[in-house]
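Data block below; observations after.
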Amino acid sequence: MSATTNKQLLLKQNKGIIPQASEAFNEIAETYDSWYDDNPLFKCELNALNVVVSVSPLSLEVGVGSGRFSQALGIRYGVDPASRLLALAMNRGVVSIQARAEALPFRKNSLEQVYFIFSLCFLENSSKALQEAAVVLKTGGLLIIGFVPKDSKWGSLYEQKKQEGHPLYKYASFFCLENLLSNIEKAHFRIVGGTSVLFQSPNLKKYHPEKPIKGLHSKAGFIVLVAERL
């Protein structure tokens, strides 16, 4: 996609105040990024994302981080408040923009897909972020969310880390599947599909590959849901 097209899509850059969670990610950017190297969990999550939808050229990952998912999936654009992570994403070929999920710098009805992959739980206002996604998506455009359900074994593990003051998870607010589905519908989306993976225990010494299962299973460690903008 040309630079001219990029300019046509972008409306403004509204960096605002950098959230505390983003500052925390900035402080350990390289360490965080290295977690993905040859990690079977990452591969399981990618498989789940790959089976639900084909990536569009007019796609955006909100909370792109270091660009691992965007690079692997072929997502064109990424936004994130954390500048050190954005630099890594840019090096991976993602068109990277410093911005917050609650104030996306894209024109109304300009995108075909918006992804939130593990990022929704770290946002200060997830409801506002979902509304912003609805604004920038075309009618019939897709919202794709990958998340850890709060009531799964993996969710319980991360909730425990949060209570113990983990440098990243202490800023997270995890969602139950039912609550997230309700919030998505309130933002004028209709659920059209999804898949689930990571049914293995988070306490294993060595994780193994898993094939995703069709449908939204609250006990899975990672769910990908797809919703259509009304």
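Identifiers in this document derive from the order of the structure tokens: chains are assigned A, B, ..., residues are numbered from 1 separately in each chain, and ligands are numbered from 1 in order of occurrence.
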
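With only C-alpha atoms taken into account, the protein and nucleic acid residues at most 8 Å from stretch 43-56 of chain A (excluding it and anything under 4 positions from it in its own chain) are Asn39, Phe69, Ala72, Leu73, Gly74, Ile75, Glu112, Gln113, Gly146, Gly193, Gly194, Thr195, Ser196, Val197, Leu198, Pro209, Glu210, Lys211, Pro212, Phe222, Ile223, Val224 and Val226 of chain A.
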
Run DSSP on the backbone and grab whatever in stretch 60-227 of chain A lands in helix (DSSP H, G or I); send it over as a PDB file with C-alpha atoms, in the first residue's frame.
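Generated file (out_23.pdb):
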ATOM      1  CA  ARG A  68       4.936 -10.219  16.599  1.00  0.00           C
ATOM      2  CA  PHE A  69       1.310 -11.018  15.759  1.00  0.00           C
ATOM      3  CA  SER A  70       0.995  -8.380  13.040  1.00  0.00           C
ATOM      4  CA  GLN A  71       4.134  -9.581  11.291  1.00  0.00           C
ATOM      5  CA  ALA A  72       3.097 -13.239  11.455  1.00  0.00           C
ATOM      6  CA  LEU A  73      -0.492 -12.604  10.350  1.00  0.00           C
ATOM      7  CA  SER A  83       7.301   3.932  21.789  1.00  0.00           C
ATOM      8  CA  ARG A  84       9.981   1.280  22.411  1.00  0.00           C
ATOM      9  CA  LEU A  85       7.607  -1.490  21.425  1.00  0.00           C
ATOM     10  CA  LEU A  86       6.516   0.460  18.354  1.00  0.00           C
ATOM     11  CA  ALA A  87      10.132   0.698  17.211  1.00  0.00           C
ATOM     12  CA  LEU A  88      10.336  -3.097  17.267  1.00  0.00           C
ATOM     13  CA  ALA A  89       7.049  -3.378  15.359  1.00  0.00           C
ATOM     14  CA  MET A  90       8.295  -0.931  12.746  1.00  0.00           C
ATOM     15  CA  ASN A  91      11.424  -3.040  12.263  1.00  0.00           C
ATOM     16  CA  LEU A 120      -8.023  -5.180  25.517  1.00  0.00           C
ATOM     17  CA  CYS A 121      -7.383  -6.128  29.153  1.00  0.00           C
ATOM     18  CA  PHE A 122      -4.611  -3.517  29.477  1.00  0.00           C
ATOM     19  CA  SER A 126     -12.048  -0.905  26.948  1.00  0.00           C
ATOM     20  CA  SER A 127     -15.645   0.141  26.193  1.00  0.00           C
ATOM     21  CA  LYS A 128     -14.430   3.355  24.576  1.00  0.00           C
ATOM     22  CA  ALA A 129     -11.864   1.372  22.592  1.00  0.00           C
ATOM     23  CA  LEU A 130     -14.574  -0.915  21.207  1.00  0.00           C
ATOM     24  CA  GLN A 131     -16.629   2.136  20.237  1.00  0.00           C
ATOM     25  CA  GLU A 132     -13.590   3.601  18.477  1.00  0.00           C
ATOM     26  CA  ALA A 133     -13.142   0.358  16.566  1.00  0.00           C
ATOM     27  CA  ALA A 134     -16.750   0.628  15.394  1.00  0.00           C
ATOM     28  CA  VAL A 135     -16.104   4.193  14.186  1.00  0.00           C
ATOM     29  CA  VAL A 136     -13.071   3.383  12.032  1.00  0.00           C
ATOM     30  CA  LYS A 153      -7.150 -21.798  34.434  1.00  0.00           C
ATOM     31  CA  TRP A 154      -4.909 -19.434  32.512  1.00  0.00           C
ATOM     32  CA  GLY A 155      -7.023 -16.473  33.583  1.00  0.00           C
ATOM     33  CA  SER A 156      -6.732 -17.565  37.214  1.00  0.00           C
ATOM     34  CA  LEU A 157      -2.953 -17.754  36.833  1.00  0.00           C
ATOM     35  CA  TYR A 158      -2.697 -14.232  35.434  1.00  0.00           C
ATOM     36  CA  GLU A 159      -5.156 -12.915  38.017  1.00  0.00           C
ATOM     37  CA  GLN A 160      -2.889 -14.346  40.716  1.00  0.00           C
ATOM     38  CA  LYS A 161       0.117 -12.659  39.104  1.00  0.00           C
ATOM     39  CA  LYS A 162      -1.838  -9.401  39.138  1.00  0.00           C
ATOM     40  CA  GLN A 163      -2.560  -9.722  42.861  1.00  0.00           C
ATOM     41  CA  TYR A 169      -0.349  -7.951  34.862  1.00  0.00           C
ATOM     42  CA  LYS A 170      -0.957  -5.611  37.775  1.00  0.00           C
ATOM     43  CA  TYR A 171      -2.404  -3.236  35.170  1.00  0.00           C
ATOM     44  CA  LEU A 177     -16.568 -14.373  28.169  1.00  0.00           C
ATOM     45  CA  GLU A 178     -20.166 -13.392  28.873  1.00  0.00           C
ATOM     46  CA  ASN A 179     -19.252  -9.852  29.944  1.00  0.00           C
ATOM     47  CA  LEU A 180     -17.044  -9.296  26.917  1.00  0.00           C
ATOM     48  CA  LEU A 181     -19.755 -10.521  24.547  1.00  0.00           C
ATOM     49  CA  SER A 182     -22.184  -8.057  26.123  1.00  0.00           C
ATOM     50  CA  ASN A 183     -19.726  -5.157  25.767  1.00  0.00           C
ATOM     51  CA  ILE A 184     -19.078  -6.003  22.119  1.00  0.00           C
ATOM     52  CA  GLU A 185     -22.791  -6.036  21.320  1.00  0.00           C
ATOM     53  CA  LYS A 186     -23.264  -2.689  23.070  1.00  0.00           C
TER      54      LYS A 186
END

- Selected residue of minimal separation from A:Ile97 among A:Gly215, A:Gly165, A:Pro81, A:Pro57, counting only C-alpha atoms: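 Of A:Gly215, A:Gly165, A:Pro81, A:Pro57, the one nearest A:Ile97 is A:Pro81, counting only C-alpha atoms.
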
- Using DSSP on the backbone, list every residue of stretch 17-228 of chain A that comes out as strand (DSSP E or B), and give them as a VMD selection string. chain A and resid 59 to 62 77 to 80 95 to 98 106 111 to 117 137 to 147 149 175 189 to 197 213 to 214 222 to 228

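Among A:Val79, A:Ala220, A:Lys206, A:Ala21, the residue with the shortest atom-to-atom distance to A:Pro167, counting only C-alpha atoms, is A:Ala21.
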
- Between atom CA of A:Val114 and atom CA of A:Phe175, distance in Å (one decimal):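 It comes out at 18.9 Å.
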
- Item | Shortest interatomic distance to A:Cys176 - which of A:Gln200, A:Asn26, A:Ser218, A:Thr139, counting only C-alpha atoms |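 Nearest candidate to A:Cys176 out of A:Gln200, A:Asn26, A:Ser218, A:Thr139: A:Ser218.
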
- Message: Applying 12 Å and only C-alpha atoms, which residues near A:Glu27 remain after dropping the ones on its own chain fewer than 2 positions away? List them as a list in words.
- Response: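 Close residues of A:Glu27: Gln20, Ala21, Ser22, Glu23, Ala24, Phe25, Ala29, Glu30, Thr31, Tyr32, Asp33, Ala82, Ser83, Arg84, Leu85, Pro167 and Leu168 of chain A.
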
Write the residues you've just listed into a file as a JSON list (two decimals), in the first residue's frame, and include N, CA and C atoms for each of them.
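Saved to again.json:
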[["chain", "number", "residue", "atom", "x", "y", "z"],
["A", 20, "GLN", "N", -0.03, 4.09, 32.25],
["A", 20, "GLN", "CA", 0.96, 3.41, 33.09],
["A", 20, "GLN", "C", 1.31, 2.04, 32.54],
["A", 21, "ALA", "N", 0.34, 1.32, 32.04],
["A", 21, "ALA", "CA", 0.62, -0.02, 31.49],
["A", 21, "ALA", "C", 1.61, 0.07, 30.35],
["A", 22, "SER", "N", 1.46, 1.07, 29.49],
["A", 22, "SER", "CA", 2.38, 1.22, 28.36],
["A", 22, "SER", "C", 3.78, 1.58, 28.81],
["A", 23, "GLU", "N", 3.88, 2.40, 29.84],
["A", 23, "GLU", "CA", 5.19, 2.72, 30.40],
["A", 23, "GLU", "C", 5.86, 1.46, 30.94],
["A", 24, "ALA", "N", 5.06, 0.60, 31.56],
["A", 24, "ALA", "CA", 5.61, -0.65, 32.09],
["A", 24, "ALA", "C", 6.12, -1.55, 30.97],
["A", 25, "PHE", "N", 5.38, -1.63, 29.87],
["A", 25, "PHE", "CA", 5.84, -2.41, 28.72],
["A", 25, "PHE", "C", 7.10, -1.80, 28.12],
["A", 29, "ALA", "N", 10.73, -3.77, 27.24],
["A", 29, "ALA", "CA", 10.33, -4.04, 25.86],
["A", 29, "ALA", "C", 11.08, -5.23, 25.26],
["A", 30, "GLU", "N", 12.39, -5.24, 25.36],
["A", 30, "GLU", "CA", 13.18, -6.31, 24.73],
["A", 30, "GLU", "C", 12.95, -7.66, 25.41],
["A", 31, "THR", "N", 12.85, -7.66, 26.73],
["A", 31, "THR", "CA", 12.59, -8.89, 27.47],
["A", 31, "THR", "C", 11.22, -9.44, 27.11],
["A", 32, "TYR", "N", 10.24, -8.55, 27.06],
["A", 32, "TYR", "CA", 8.88, -8.95, 26.68],
["A", 32, "TYR", "C", 8.87, -9.55, 25.27],
["A", 33, "ASP", "N", 9.54, -8.90, 24.36],
["A", 33, "ASP", "CA", 9.55, -9.36, 22.97],
["A", 33, "ASP", "C", 10.21, -10.73, 22.83],
["A", 82, "ALA", "N", 3.22, 2.72, 23.50],
["A", 82, "ALA", "CA", 4.57, 2.42, 23.97],
["A", 82, "ALA", "C", 5.58, 2.57, 22.83],
["A", 83, "SER", "N", 6.40, 3.59, 22.90],
["A", 83, "SER", "CA", 7.30, 3.93, 21.79],
["A", 83, "SER", "C", 8.38, 2.88, 21.54],
["A", 84, "ARG", "N", 8.92, 2.27, 22.60],
["A", 84, "ARG", "CA", 9.98, 1.28, 22.41],
["A", 84, "ARG", "C", 9.44, 0.02, 21.75],
["A", 85, "LEU", "N", 8.22, -0.35, 22.09],
["A", 85, "LEU", "CA", 7.61, -1.49, 21.43],
["A", 85, "LEU", "C", 7.30, -1.16, 19.97],
["A", 167, "PRO", "N", 4.84, -6.86, 37.21],
["A", 167, "PRO", "CA", 5.08, -5.55, 36.59],
["A", 167, "PRO", "C", 4.15, -5.23, 35.42],
["A", 168, "LEU", "N", 3.60, -6.23, 34.76],
["A", 168, "LEU", "CA", 2.67, -6.00, 33.66],
["A", 168, "LEU", "C", 1.23, -6.31, 34.05]]

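Among the candidates A:Ser34, A:Ser173, A:Asn203, A:Ser59, the one nearest to A:Tyr115 when counting only C-alpha atoms is A:Ser59.
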
- Kindly give the distance, in Å, that separates atom CA of A:Phe147 and atom CA of A:Glu61, rounded to a single decimal.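 Taking atom CA of A:Phe147 and atom CA of A:Glu61, their separation equals 13.5 Å.
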